[in-house]
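Data from data22.csv: CSV, C-alpha atoms
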chain,number,residue,atom,x,y,z
R,137,MET,CA,0.0,0.0,0.0
R,138,ALA,CA,1.3,3.4,-0.7
R,139,ARG,CA,2.0,6.3,1.5
R,140,ARG,CA,-0.8,8.6,2.7
R,141,ARG,CA,-2.4,10.4,-0.2
R,142,ARG,CA,-1.5,14.0,-0.3
R,143,ARG,CA,-4.2,16.6,-1.0
R,144,ARG,CA,-4.3,17.1,-4.7
R,145,LYS,CA,-3.8,20.6,-6.1
R,146,LYS,CA,-6.0,21.6,-8.9
R,147,ARG,CA,-4.2,21.5,-12.2
R,148,VAL,CA,-5.1,23.3,-15.4
R,149,PHE,CA,-4.6,21.2,-18.4
R,150,PRO,CA,-4.4,22.5,-22.0
R,151,LYS,CA,-7.6,22.2,-24.1
R,152,ILE,CA,-7.2,18.9,-25.9
R,153,ALA,CA,-9.5,16.3,-27.1
R,154,GLY,CA,-8.4,13.5,-24.8
R,155,LEU,CA,-6.2,13.2,-21.7
R,156,VAL,CA,-4.9,9.8,-20.5
R,157,LEU,CA,-4.0,9.3,-16.8
R,158,PHE,CA,-2.7,6.2,-15.2
R,159,LEU,CA,-3.6,5.8,-11.6
R,160,ALA,CA,-1.9,3.1,-9.6
R,161,LEU,CA,-2.0,1.6,-6.1
R,162,ALA,CA,1.5,1.1,-4.9
R,163,GLY,CA,2.8,-1.1,-2.2
R,164,GLY,CA,5.4,-1.0,0.6
R,165,ALA,CA,5.9,-2.2,4.2
R,166,ALA,CA,6.3,-0.1,7.3
R,167,ALA,CA,9.8,-0.2,8.7
R,168,ALA,CA,10.5,-2.4,11.8
R,169,ALA,CA,6.8,-3.4,12.3
R,170,ARG,CA,4.4,-6.1,11.4
R,171,TYR,CA,1.8,-3.5,10.2
R,172,ILE,CA,1.9,-2.6,6.6
R,173,LEU,CA,0.8,0.5,4.8
R,174,PRO,CA,-2.8,0.7,3.8
R,175,GLU,CA,-3.5,1.3,0.1
R,176,MET,CA,-4.1,4.8,-1.3
R,177,LEU,CA,-4.5,5.9,-4.8
R,178,GLU,CA,-2.0,8.3,-6.3
R,179,THR,CA,-1.3,9.6,-9.7
R,180,ALA,CA,1.7,7.7,-10.9
R,181,GLN,CA,2.0,9.0,-14.4
R,182,GLU,CA,0.2,11.5,-16.6
R,183,THR,CA,0.5,11.4,-20.4
R,184,VAL,CA,-1.3,13.1,-23.3
R,185,GLY,CA,-1.2,11.1,-26.5
R,186,GLU,CA,-2.1,12.0,-30.0
R,187,ALA,CA,-3.9,8.7,-30.4
R,188,ALA,CA,-6.3,9.8,-27.6
R,189,GLY,CA,-7.1,13.0,-29.5
R,190,ALA,CA,-7.7,11.1,-32.7
R,191,ALA,CA,-10.1,8.7,-31.1
R,192,ALA,CA,-12.1,11.3,-29.3
R,193,GLY,CA,-14.2,12.3,-32.3
R,194,ALA,CA,-15.3,8.8,-32.9
R,195,LEU,CA,-16.2,8.3,-29.2
R,196,LYS,CA,-18.2,11.5,-29.1
R,197,ASP,CA,-20.3,10.3,-32.0
R,198,GLU,CA,-21.5,7.3,-30.1
R,199,THR,CA,-24.8,7.6,-28.4
R,200,GLY,CA,-25.1,8.3,-24.7
R,201,PHE,CA,-24.0,6.4,-21.6
R,202,PRO,CA,-25.0,3.0,-20.3
R,203,GLU,CA,-28.2,3.1,-18.2
R,204,LEU,CA,-27.2,3.7,-14.6
R,205,THR,CA,-28.9,0.9,-12.6
R,206,VAL,CA,-27.0,1.4,-9.3
R,207,THR,CA,-29.3,3.6,-7.4
R,208,GLU,CA,-28.4,6.3,-4.9
R,209,GLU,CA,-30.2,4.4,-2.2
R,210,GLU,CA,-28.1,1.3,-2.9
R,211,ALA,CA,-24.8,3.3,-2.6
R,212,SER,CA,-25.8,5.5,0.3
R,213,ASP,CA,-24.8,3.0,3.0
R,214,GLY,CA,-21.2,3.8,2.1
R,215,PHE,CA,-19.5,6.2,4.5
R,216,TYR,CA,-17.1,7.6,1.9
R,217,PHE,CA,-20.0,7.9,-0.6
R,218,ARG,CA,-21.7,10.3,1.7
R,219,GLN,CA,-18.6,12.5,1.8
R,220,LEU,CA,-18.9,13.2,-2.0
R,221,THR,CA,-20.7,15.9,-3.9
R,222,GLU,CA,-23.8,14.9,-5.8
R,223,ARG,CA,-21.8,14.9,-9.1
R,224,GLU,CA,-19.1,12.8,-7.5
R,225,GLN,CA,-21.7,10.4,-6.2
R,226,THR,CA,-23.0,9.8,-9.8
R,227,ILE,CA,-19.4,9.0,-10.9
R,228,TYR,CA,-19.1,6.7,-7.9
R,229,ARG,CA,-22.2,4.8,-8.9
R,230,GLU,CA,-21.1,4.6,-12.5
R,231,ILE,CA,-17.8,3.1,-11.6
R,232,LEU,CA,-19.4,0.7,-9.1
R,233,GLN,CA,-21.7,-0.5,-11.8
R,234,GLY,CA,-18.9,-1.0,-14.2
R,235,VAL,CA,-16.5,-2.9,-11.9
R,236,THR,CA,-19.3,-5.0,-10.5
R,237,GLY,CA,-19.7,-6.4,-14.0
R,238,MET,CA,-15.9,-6.4,-14.6
R,239,GLU,CA,-16.2,-4.2,-17.6
R,240,GLU,CA,-13.0,-3.6,-19.5
R,241,MET,CA,-13.9,0.1,-20.1
R,242,ILE,CA,-16.4,2.2,-18.1
R,243,ARG,CA,-17.6,5.5,-19.5
R,244,ILE,CA,-18.5,8.0,-16.8
R,245,HIS,CA,-19.8,11.6,-16.5
R,246,ALA,CA,-16.5,13.2,-15.6
R,247,THR,CA,-14.2,15.7,-17.1
R,248,GLU,CA,-10.7,17.0,-16.3
R,249,GLU,CA,-12.2,19.1,-13.5
R,250,ASP,CA,-13.3,16.0,-11.6
R,251,ASP,CA,-11.1,14.0,-9.2
R,252,VAL,CA,-11.9,10.6,-10.5
R,253,GLY,CA,-9.0,9.1,-8.6
R,254,LYS,CA,-10.5,10.2,-5.3
R,255,VAL,CA,-13.9,8.9,-6.2
R,256,TYR,CA,-12.5,5.5,-7.1
R,257,GLU,CA,-10.4,5.4,-3.9
R,258,TYR,CA,-13.5,6.1,-1.8
R,259,LEU,CA,-15.4,3.4,-3.6
R,260,LEU,CA,-12.8,0.8,-2.7
R,261,TYR,CA,-12.8,2.0,0.9
R,262,ASP,CA,-16.6,1.5,1.1
R,263,ARG,CA,-16.8,-1.8,-0.7
R,264,PRO,CA,-14.7,-4.7,0.7
R,265,GLU,CA,-16.6,-7.1,-1.5
R,266,LEU,CA,-14.8,-5.7,-4.6
R,267,PHE,CA,-11.9,-8.1,-4.0
R,268,TRP,CA,-11.2,-8.4,-7.7
R,269,CYS,CA,-10.4,-4.6,-8.1
R,270,ALA,CA,-6.6,-4.2,-8.0
R,271,GLY,CA,-6.7,-0.4,-7.4
R,272,ASN,CA,-4.7,0.5,-10.5
R,273,THR,CA,-6.6,2.1,-13.4
R,274,SER,CA,-6.1,4.3,-16.4
R,275,LEU,CA,-8.3,7.2,-17.5
R,276,THR,CA,-8.9,8.8,-20.8
R,277,ILE,CA,-10.4,12.2,-20.3
R,278,TYR,CA,-12.4,14.0,-22.9
R,279,ASP,CA,-14.2,17.3,-22.9
R,280,GLU,CA,-17.5,15.9,-21.7
R,281,TYR,CA,-16.8,12.4,-20.3
R,282,THR,CA,-14.1,10.0,-19.1
R,283,GLU,CA,-13.3,6.4,-20.0
R,284,VAL,CA,-12.0,4.3,-17.1
R,285,ILE,CA,-10.1,1.1,-17.7
R,286,PRO,CA,-9.9,-0.7,-14.3
R,287,GLY,CA,-7.2,-3.2,-13.2
R,288,TYR,CA,-8.5,-6.5,-12.0
R,289,THR,CA,-6.7,-9.1,-9.9
R,290,CYS,CA,-8.3,-12.1,-11.6
R,291,SER,CA,-10.5,-13.2,-14.5
R,292,GLN,CA,-14.3,-13.5,-14.4
R,293,ARG,CA,-14.0,-17.3,-13.9
R,294,GLU,CA,-11.5,-16.9,-11.1
R,295,LYS,CA,-13.7,-14.2,-9.5
R,296,GLU,CA,-16.6,-16.6,-9.3
R,297,GLU,CA,-14.4,-19.3,-7.9
R,298,ARG,CA,-13.0,-17.0,-5.3
R,299,GLN,CA,-16.4,-15.6,-4.4
R,300,ALA,CA,-17.6,-19.2,-3.7
R,301,GLN,CA,-14.6,-19.6,-1.4
R,302,ILE,CA,-15.3,-16.3,0.4
R,303,ASP,CA,-18.9,-17.4,0.8
R,304,THR,CA,-17.8,-20.6,2.4
R,305,ALA,CA,-15.4,-18.8,4.7
R,306,THR,CA,-18.1,-16.4,5.7
R,307,GLN,CA,-20.5,-19.2,6.6
R,308,GLU,CA,-17.9,-21.0,8.7
R,309,CYS,CA,-17.2,-17.8,10.6
R,310,LEU,CA,-20.7,-16.7,11.2
R,311,ALA,CA,-21.7,-20.2,12.3
R,312,GLY,CA,-19.7,-19.5,15.5
R,313,ILE,CA,-22.0,-16.7,16.7
R,314,ASP,CA,-25.6,-17.0,17.6
R,315,SER,CA,-27.9,-14.7,15.5
R,316,SER,CA,-29.5,-13.6,18.8
R,317,ALA,CA,-26.2,-12.2,20.1
R,318,SER,CA,-26.0,-8.5,20.9
R,319,ASP,CA,-24.2,-6.2,18.5
R,320,TYR,CA,-21.3,-5.9,20.9
R,321,GLU,CA,-21.0,-9.7,21.2
R,322,LYS,CA,-20.9,-9.9,17.4
R,323,ILE,CA,-18.3,-7.2,17.1
R,324,ARG,CA,-16.1,-8.8,19.8
R,325,TYR,CA,-16.6,-12.2,18.1
R,326,ILE,CA,-15.4,-10.9,14.8
R,327,TYR,CA,-12.4,-9.1,16.5
R,328,GLU,CA,-11.3,-12.3,18.2
R,329,TYR,CA,-12.0,-14.5,15.2
R,330,ILE,CA,-9.8,-12.4,12.9
R,331,VAL,CA,-7.0,-12.2,15.5
R,332,ASN,CA,-7.1,-15.9,16.0
R,333,THR,CA,-7.4,-17.1,12.4
R,334,VAL,CA,-5.3,-14.6,10.3
R,335,GLU,CA,-1.6,-14.4,10.2
R,336,TYR,CA,0.2,-11.2,9.4
R,337,ASP,CA,2.3,-11.7,6.2
R,338,VAL,CA,3.7,-8.8,4.1
R,339,ASN,CA,4.3,-11.3,1.2
R,340,ALA,CA,0.8,-12.8,1.2
R,341,PRO,CA,-0.8,-12.7,-2.3
R,342,ASP,CA,-3.8,-10.3,-2.7
R,343,ASN,CA,-3.0,-8.8,0.7
R,344,GLN,CA,-5.0,-5.6,0.0
R,345,ASN,CA,-8.3,-7.4,-0.2
R,346,ILE,CA,-10.5,-9.9,1.7
R,347,TYR,CA,-9.5,-12.9,-0.4
R,348,SER,CA,-6.1,-13.0,1.4
R,349,SER,CA,-7.5,-12.8,4.9
R,350,MET,CA,-10.7,-14.8,4.6
R,351,VAL,CA,-9.4,-17.6,2.3
R,352,GLY,CA,-5.6,-17.4,2.5
R,353,LYS,CA,-5.6,-16.6,6.2
R,354,ARG,CA,-2.6,-14.4,5.7
R,355,SER,CA,-2.7,-10.7,5.0
R,356,VAL,CA,-1.7,-7.2,6.2
R,357,CYS,CA,-3.7,-4.4,7.8
R,358,ALA,CA,-5.8,-3.7,4.7
R,359,GLY,CA,-6.9,-7.3,4.5
R,360,TYR,CA,-7.6,-7.4,8.3
R,361,SER,CA,-9.7,-4.3,8.2
R,362,ARG,CA,-11.6,-5.1,5.1
R,363,MET,CA,-12.4,-8.6,6.5
R,364,ALA,CA,-13.8,-7.0,9.6
R,365,GLN,CA,-15.8,-4.5,7.5
R,366,TYR,CA,-17.1,-7.3,5.3
R,367,LEU,CA,-18.1,-9.7,8.0
R,368,LEU,CA,-19.8,-7.1,10.2
R,369,GLY,CA,-21.6,-5.8,7.2
R,370,GLN,CA,-23.0,-9.4,6.7
R,371,MET,CA,-24.5,-9.1,10.1
R,372,GLY,CA,-25.9,-5.6,9.5
R,373,ILE,CA,-23.4,-3.8,11.7
R,374,PRO,CA,-22.0,-0.6,10.1
R,375,CYS,CA,-18.2,-0.7,9.9
R,376,ILE,CA,-16.0,2.0,8.4
R,377,TYR,CA,-12.6,1.4,6.8
R,378,VAL,CA,-10.4,4.0,8.4
R,379,ILE,CA,-7.2,5.5,6.9
R,380,GLY,CA,-4.4,7.0,9.0
R,381,ASP,CA,-0.9,6.6,10.3
R,382,ILE,CA,1.0,4.9,13.1
R,383,GLU,CA,3.7,7.0,14.7
R,384,GLY,CA,7.1,5.8,13.7
R,385,GLN,CA,5.7,3.2,11.3
R,386,GLY,CA,3.7,5.0,8.5
R,387,ALA,CA,0.3,4.6,7.0
R,388,HIS,CA,-2.2,2.1,8.4
R,389,ALA,CA,-5.8,1.0,8.1
R,390,TRP,CA,-8.3,0.0,10.8
R,391,ASN,CA,-12.0,0.4,11.5
R,392,ILE,CA,-14.7,2.4,13.2
R,393,VAL,CA,-17.8,0.4,14.2
R,394,ASN,CA,-21.4,1.4,15.1
R,395,CYS,CA,-22.8,-0.3,18.2
R,396,GLY,CA,-26.1,0.7,19.6
R,397,GLY,CA,-26.0,4.0,17.8
R,398,LYS,CA,-22.6,5.0,19.2
R,399,TYR,CA,-19.3,4.8,17.3
R,400,TYR,CA,-16.1,3.0,18.5
R,401,GLN,CA,-12.6,2.6,17.2
R,402,MET,CA,-11.4,-1.0,16.4
R,403,ASP,CA,-8.0,-2.2,15.1
R,404,THR,CA,-7.9,-6.0,14.5
R,405,THR,CA,-4.3,-5.9,13.3
R,406,PHE,CA,-3.2,-4.4,16.6
R,407,GLY,CA,-5.3,-7.0,18.5
R,408,ASP,CA,-2.5,-9.5,18.1
R,409,PRO,CA,0.2,-8.5,20.7
R,410,VAL,CA,2.9,-10.6,19.0
R,411,PHE,CA,5.4,-7.8,19.2
R,412,LEU,CA,4.9,-7.1,22.9
R,413,GLN,CA,8.0,-8.3,24.8
R,414,GLU,CA,8.1,-8.9,28.5
R,415,GLU,CA,11.0,-8.5,30.8
R,416,ASN,CA,13.2,-11.3,29.6
R,417,GLY,CA,12.7,-10.7,25.9
R,418,GLU,CA,10.5,-13.8,25.3
R,419,SER,CA,7.5,-13.6,23.1
R,420,VAL,CA,4.1,-13.1,24.6
R,421,PRO,CA,2.3,-16.5,24.6
R,422,SER,CA,0.5,-17.4,21.4
R,423,GLY,CA,-3.3,-17.0,21.5
R,424,SER,CA,-3.1,-13.8,23.5
R,425,ILE,CA,-5.3,-11.0,22.5
R,426,ASN,CA,-4.9,-7.3,23.0
R,427,TYR,CA,-8.3,-5.8,23.8
R,428,ASP,CA,-7.0,-2.2,24.0
R,429,TYR,CA,-8.2,-1.8,20.4
R,430,LEU,CA,-11.7,-3.3,20.7
R,431,CYS,CA,-14.5,-0.8,20.9
R,432,CYS,CA,-12.3,1.9,22.3
R,433,THR,CA,-12.4,5.7,22.2
R,434,ASP,CA,-10.6,8.2,20.0
R,435,ALA,CA,-8.5,9.2,23.0
R,436,GLU,CA,-7.4,5.6,23.5
R,437,ILE,CA,-6.5,4.8,19.9
R,438,MET,CA,-4.9,8.2,19.2
R,439,VAL,CA,-2.2,7.3,21.7
R,440,ASP,CA,-0.5,5.6,18.7
R,441,HIS,CA,-2.9,6.1,15.7
R,442,THR,CA,-3.5,9.3,13.7
R,443,GLN,CA,-6.6,9.5,11.5
R,444,TRP,CA,-6.7,10.8,7.9
R,445,GLU,CA,-7.7,14.5,7.9
R,446,GLU,CA,-9.4,14.5,4.5
R,447,VAL,CA,-12.7,13.2,5.9
R,448,ALA,CA,-14.5,13.8,9.1
R,449,TYR,CA,-14.8,10.4,10.8
R,450,PRO,CA,-17.5,9.9,13.5
R,451,ALA,CA,-16.4,10.9,17.0
R,452,CYS,CA,-15.8,7.9,19.3
R,453,THR,CA,-16.2,9.2,22.8
R,454,SER,CA,-18.0,6.5,24.7
R,455,ASP,CA,-16.0,4.3,27.1
R,456,ASP,CA,-18.9,2.1,28.0
R,457,LEU,CA,-17.7,-0.9,26.0
R,458,ASN,CA,-14.1,-0.9,27.3
R,459,TYR,CA,-13.3,-4.6,27.5
R,460,TYR,CA,-11.2,-4.3,30.7
R,461,ARG,CA,-13.9,-2.3,32.5
R,462,MET,CA,-16.6,-4.8,31.5
R,463,ASN,CA,-14.5,-7.7,32.8
R,464,GLY,CA,-13.3,-6.4,36.1
R,465,MET,CA,-9.8,-5.6,35.0
R,466,TYR,CA,-10.0,-1.8,35.1
R,467,TYR,CA,-8.9,0.4,38.0
R,468,ASP,CA,-9.6,4.0,38.6
R,469,SER,CA,-7.3,4.1,41.6
R,470,PHE,CA,-4.5,2.0,43.1
R,471,ASP,CA,-5.4,-0.3,46.0
R,472,PRO,CA,-2.6,-2.8,46.6
R,473,GLU,CA,-4.7,-5.1,48.7
R,474,GLU,CA,-7.4,-5.3,46.1
R,475,LEU,CA,-4.9,-6.0,43.3
R,476,LEU,CA,-3.1,-8.7,45.3
R,477,GLN,CA,-6.5,-10.4,46.0
R,478,LYS,CA,-7.4,-10.3,42.3
R,479,MET,CA,-4.0,-11.8,41.4
R,480,ASN,CA,-4.5,-14.6,44.0
R,481,ASP,CA,-8.0,-15.3,42.7
R,482,SER,CA,-6.5,-15.5,39.2
R,483,VAL,CA,-3.9,-18.1,40.4
R,484,TYR,CA,-6.4,-20.1,42.4
R,485,ALA,CA,-8.7,-20.3,39.3
R,486,GLY,CA,-5.8,-21.5,37.2
R,487,GLU,CA,-6.0,-18.7,34.7
R,488,GLU,CA,-3.3,-18.2,32.2
R,489,SER,CA,-3.0,-14.5,32.6
R,490,PHE,CA,-3.9,-11.5,34.8
R,491,VAL,CA,-4.5,-8.0,33.5
R,492,CYS,CA,-4.7,-4.7,35.3
R,493,LYS,CA,-5.5,-1.7,33.2
R,494,PHE,CA,-5.5,1.7,34.9
R,495,SER,CA,-7.7,4.7,34.1
R,496,ASN,CA,-4.9,7.2,33.4
R,497,ALA,CA,-1.1,7.7,33.3
R,498,SER,CA,-1.1,9.1,36.9
R,499,VAL,CA,-2.7,6.0,38.4
R,500,TYR,CA,-0.5,3.7,36.3
R,501,SER,CA,2.6,5.5,37.4
R,502,GLU,CA,1.6,5.1,41.0
R,503,ALA,CA,0.9,1.4,40.6
R,504,ARG,CA,3.6,0.3,38.3
R,505,ASP,CA,6.6,-0.3,40.6
R,506,PRO,CA,4.6,-1.8,43.5
R,507,VAL,CA,2.8,-4.2,41.2
R,508,ILE,CA,6.0,-5.4,39.5
R,509,ASN,CA,8.3,-5.4,42.5
R,510,GLU,CA,6.0,-6.3,45.4
R,511,LEU,CA,2.6,-7.7,44.4
R,512,LEU,CA,3.7,-10.0,41.6
R,513,PRO,CA,6.4,-11.8,43.8
R,514,GLN,CA,3.8,-12.2,46.6
R,515,ALA,CA,1.3,-13.7,44.2
R,516,ALA,CA,4.0,-16.0,42.8
R,517,GLN,CA,4.7,-17.3,46.3
R,518,ASN,CA,1.0,-17.9,46.8
R,519,LEU,CA,1.0,-19.8,43.5
R,520,ALA,CA,3.9,-22.0,44.6
R,521,SER,CA,2.2,-22.7,48.0
R,522,TYR,CA,-1.2,-23.4,46.6
R,523,TYR,CA,0.0,-25.9,43.9
R,524,GLY,CA,2.9,-27.3,46.0
R,525,LEU,CA,5.6,-26.2,43.5
R,526,ASP,CA,9.3,-26.0,44.4
R,527,SER,CA,9.7,-23.0,42.1
R,528,VAL,CA,7.5,-20.8,40.0
R,529,SER,CA,7.9,-18.4,37.2
R,530,TYR,CA,5.9,-15.7,35.5
R,531,THR,CA,6.3,-13.2,32.8
R,532,TYR,CA,4.7,-9.8,32.4
R,533,ALA,CA,4.2,-7.3,29.6
R,534,GLU,CA,4.0,-3.6,30.2
R,535,ASP,CA,2.2,-1.1,28.0
R,536,ALA,CA,2.7,2.3,29.5
R,537,ASP,CA,1.0,4.1,26.6
R,538,HIS,CA,-2.2,2.2,27.4
R,539,CYS,CA,-1.7,2.1,31.2
R,540,ARG,CA,-1.8,-1.7,31.3
R,541,ILE,CA,0.2,-4.6,32.8
R,542,THR,CA,-0.4,-8.2,31.8
R,543,VAL,CA,1.0,-11.1,33.7
R,544,PHE,CA,1.4,-14.7,32.3
R,545,TRP,CA,1.5,-17.4,35.0
R,546,SER,CA,3.5,-20.6,34.7
R,547,TYR,CA,2.0,-23.6,36.6
R,548,GLY,CA,4.7,-26.2,36.2

Translate the structure described by the file into structure tokens.
Amino acid sequence: MARRRRRRKKRVFPKIAGLVLFLALAGGAAAAARYILPEMLETAQETVGEAAGAAAGALKDETGFPELTVTEEEASDGFYFRQLTEREQTIYREILQGVTGMEEMIRIHATEEDDVGKVYEYLLYDRPELFWCAGNTSLTIYDEYTEVIPGYTCSQREKEERQAQIDTATQECLAGIDSSASDYEKIRYIYEYIVNTVEYDVNAPDNQNIYSSMVGKRSVCAGYSRMAQYLLGQMGIPCIYVIGDIEGQGAHAWNIVNCGGKYYQMDTTFGDPVFLQEENGESVPSGSINYDYLCCTDAEIMVDHTQWEEVAYPACTSDDLNYYRMNGMYYDSFDPEELLQKMNDSVYAGEESFVCKFSNASVYSEARDPVINELLPQAAQNLASYYGLDSVSYTYAEDADHCRITVFWSYG
């Protein structure tokens, strides 16, 4: 995926019969991280050819445009669609109709004054089901219309085969959640399902679309986020594909979900804490899930994420679905006796881990040293005594940015 798309400056082109632009979706990995850059369209090359001018007359003699059968109502569920002007929405619908049928050339009501690249970009952000659209396209612009030649990742026959595989994967996934579950339970299920079934792989084929994550089970942030968007959409839960940056890593993609009329941030890629390292440098145990990025607030995710400024994303201010608060792991103040009792309860129950998340940096700072240097050794001794062990070990992972300490117990 390419770097963040810069705001385009209006260019004045000479008056010619036809203008050919080649738009491409580039790719590249973020340095020193498992998270890869989300795709953005950028103008890779602009050329004006004499052949385009010669062909324009013949094209203008042809009658009209194809009948537009994609209605405004059908497209209006797209978040990015709603950010467009009425004219741009018509272009969006025309392109959607064309790529849905895998047309080799799509004629649209656009001229050199229209930013077709932005519209096509927005379309792909709204429509994770368009897995066969590669993102690269070429445009031939005339005085009164534009011809779009999209790039596709597969043939029509391959598209049908892949769609069948995606449908099977969707059925397998959704079979694991009761249709009567609450929207939050469905969102959490999809979050955990993606973290547990998809491996991050920069070299995965088709890693910018849902085929890589849903069928290949290997992808990057674009595949993770589009999979979440697609599966939640299948359950009727609005989910936005969000564009932004990660400090020190580069561009990134994640989601905003609507639950009960409120909006929440969600990043399934960051839900896998594989890169967290505890004190002795060993990897965090496999199967662990980081819930800091499940139904969190803007304030929580903006600790390390920065959203795209070209659109106004919905505000995510409610903390009522904070996973740690809902599961008794959230602390507004530091009470050492309470924490030690909770650690002991965790050991007696044979739990694999114990989590304490604090409400802010001040409480975390107060608790951090006593938890690590006093309470954990005491809980470890209790573990040894309770299970009759000669020696015990535990590991812990700190996340000061998110005010959380996670402890992993060893029982043998």

- Query: From the list R:Ser529, R:Met363, R:Gln292, R:Asn272, which residue is nearest Ala305 (chain R) when using only C-alpha atoms?
  - Reply: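 Among the listed residues, R:Met363 lies closest to Ala305 (chain R).
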
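The environment of Ala211 (chain R) within 9 Å, counting all atoms listed in the file and disregarding residues fewer than 2 places along the same chain, consists of R:Val206, R:Thr207, R:Glu208, R:Glu209, R:Asp213, R:Gly214, R:Phe217, R:Arg218, R:Gln225, R:Tyr228, R:Arg229, R:Leu232.
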
Next, write the just-selected residues to a file, as a compact mmCIF listing (two decimals), in the coordinates of the input, keeping C-alpha atoms as the atom set.
# COMPACT_ATOMS: atom_id res chain seq x y z
CA VAL R 206 -27.00 1.40 -9.30
CA THR R 207 -29.30 3.60 -7.40
CA GLU R 208 -28.40 6.30 -4.90
CA GLU R 209 -30.20 4.40 -2.20
CA ASP R 213 -24.80 3.00 3.00
CA GLY R 214 -21.20 3.80 2.10
CA PHE R 217 -20.00 7.90 -0.60
CA ARG R 218 -21.70 10.30 1.70
CA GLN R 225 -21.70 10.40 -6.20
CA TYR R 228 -19.10 6.70 -7.90
CA ARG R 229 -22.20 4.80 -8.90
CA LEU R 232 -19.40 0.70 -9.10

- Message: Would you compute the distance between CA of Gln307 (chain R) and CA of Ile330 (chain R)? Give it in Å to one decimal.
- Response: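 Separation of CA of Gln307 (chain R) and CA of Ile330 (chain R): 14.2 Å.
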
- Quick one, how far is CA of Asp314 (chain R) from CA of Ile326 (chain R)?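 Distance reported for this atom pair: 12.2 Å.
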
- R:Asp319, R:Ala435, R:Tyr460, R:Cys357 ranked by distance to Cys395 (chain R), top pick (using all atoms listed in the file): R:Asp319

- Task: Have a look at CA of Ala485 (chain R) and CA of Leu519 (chain R) and let me know their distance in Å, one decimal.
- Result: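 Between CA of Ala485 (chain R) and CA of Leu519 (chain R) the gap works out to 10.6 Å.
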
- Query: From the list R:Thr289, R:Gln401, R:Thr273, R:Ser316, which residue is nearest Tyr449 (chain R) when using all atoms listed in the file?
  - Reply: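 Among the listed residues, R:Gln401 lies closest to Tyr449 (chain R).
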
- Out of R:Asp337, R:Gly287, R:Asp262, R:Val491, which residue has the shortest atom-to-atom distance to Asn391 (chain R) when counting only C-alpha atoms? R:Asp262

- Residue with smallest distance to Glu239 (chain R) - pool R:Asn509, R:Ser291, R:Gln517, R:Gln344, counting only C-alpha atoms: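 Among the listed residues, the smallest separation from Glu239 (chain R) belongs to R:Ser291.
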
Give me region 317-326 of chain R with N, CA, C and O atoms filled in, as a compact mmCIF listing (two decimals), keeping the file's coordinate frame.
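As written to disk, selection_39.txt reads:
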# COMPACT_ATOMS: atom_id res chain seq x y z
N ALA R 317 -27.24 -12.93 19.35
CA ALA R 317 -26.20 -12.20 20.10
C ALA R 317 -26.38 -10.72 19.96
O ALA R 317 -26.90 -10.24 18.94
N SER R 318 -25.94 -9.97 20.94
CA SER R 318 -26.00 -8.50 20.90
C SER R 318 -25.00 -8.00 19.84
O SER R 318 -24.07 -8.74 19.45
N ASP R 319 -25.16 -6.77 19.41
CA ASP R 319 -24.20 -6.20 18.50
C ASP R 319 -22.80 -6.20 19.03
O ASP R 319 -21.83 -6.49 18.32
N TYR R 320 -22.67 -5.89 20.32
CA TYR R 320 -21.30 -5.90 20.90
C TYR R 320 -20.73 -7.30 20.89
O TYR R 320 -19.55 -7.48 20.57
N GLU R 321 -21.53 -8.31 21.21
CA GLU R 321 -21.00 -9.70 21.20
C GLU R 321 -20.60 -10.08 19.79
O GLU R 321 -19.60 -10.79 19.62
N LYS R 322 -21.32 -9.63 18.78
CA LYS R 322 -20.90 -9.90 17.40
C LYS R 322 -19.64 -9.22 17.03
O LYS R 322 -18.77 -9.80 16.38
N ILE R 323 -19.50 -7.96 17.44
CA ILE R 323 -18.30 -7.20 17.10
C ILE R 323 -17.07 -7.86 17.83
O ILE R 323 -16.02 -8.04 17.21
N ARG R 324 -17.24 -8.20 19.09
CA ARG R 324 -16.10 -8.80 19.80
C ARG R 324 -15.80 -10.20 19.18
O ARG R 324 -14.62 -10.55 19.05
N TYR R 325 -16.80 -10.94 18.77
CA TYR R 325 -16.60 -12.20 18.10
C TYR R 325 -15.74 -12.08 16.87
O TYR R 325 -14.77 -12.83 16.65
N ILE R 326 -16.09 -11.12 16.03
CA ILE R 326 -15.40 -10.90 14.80
C ILE R 326 -13.93 -10.46 15.08
O ILE R 326 -12.97 -10.90 14.42
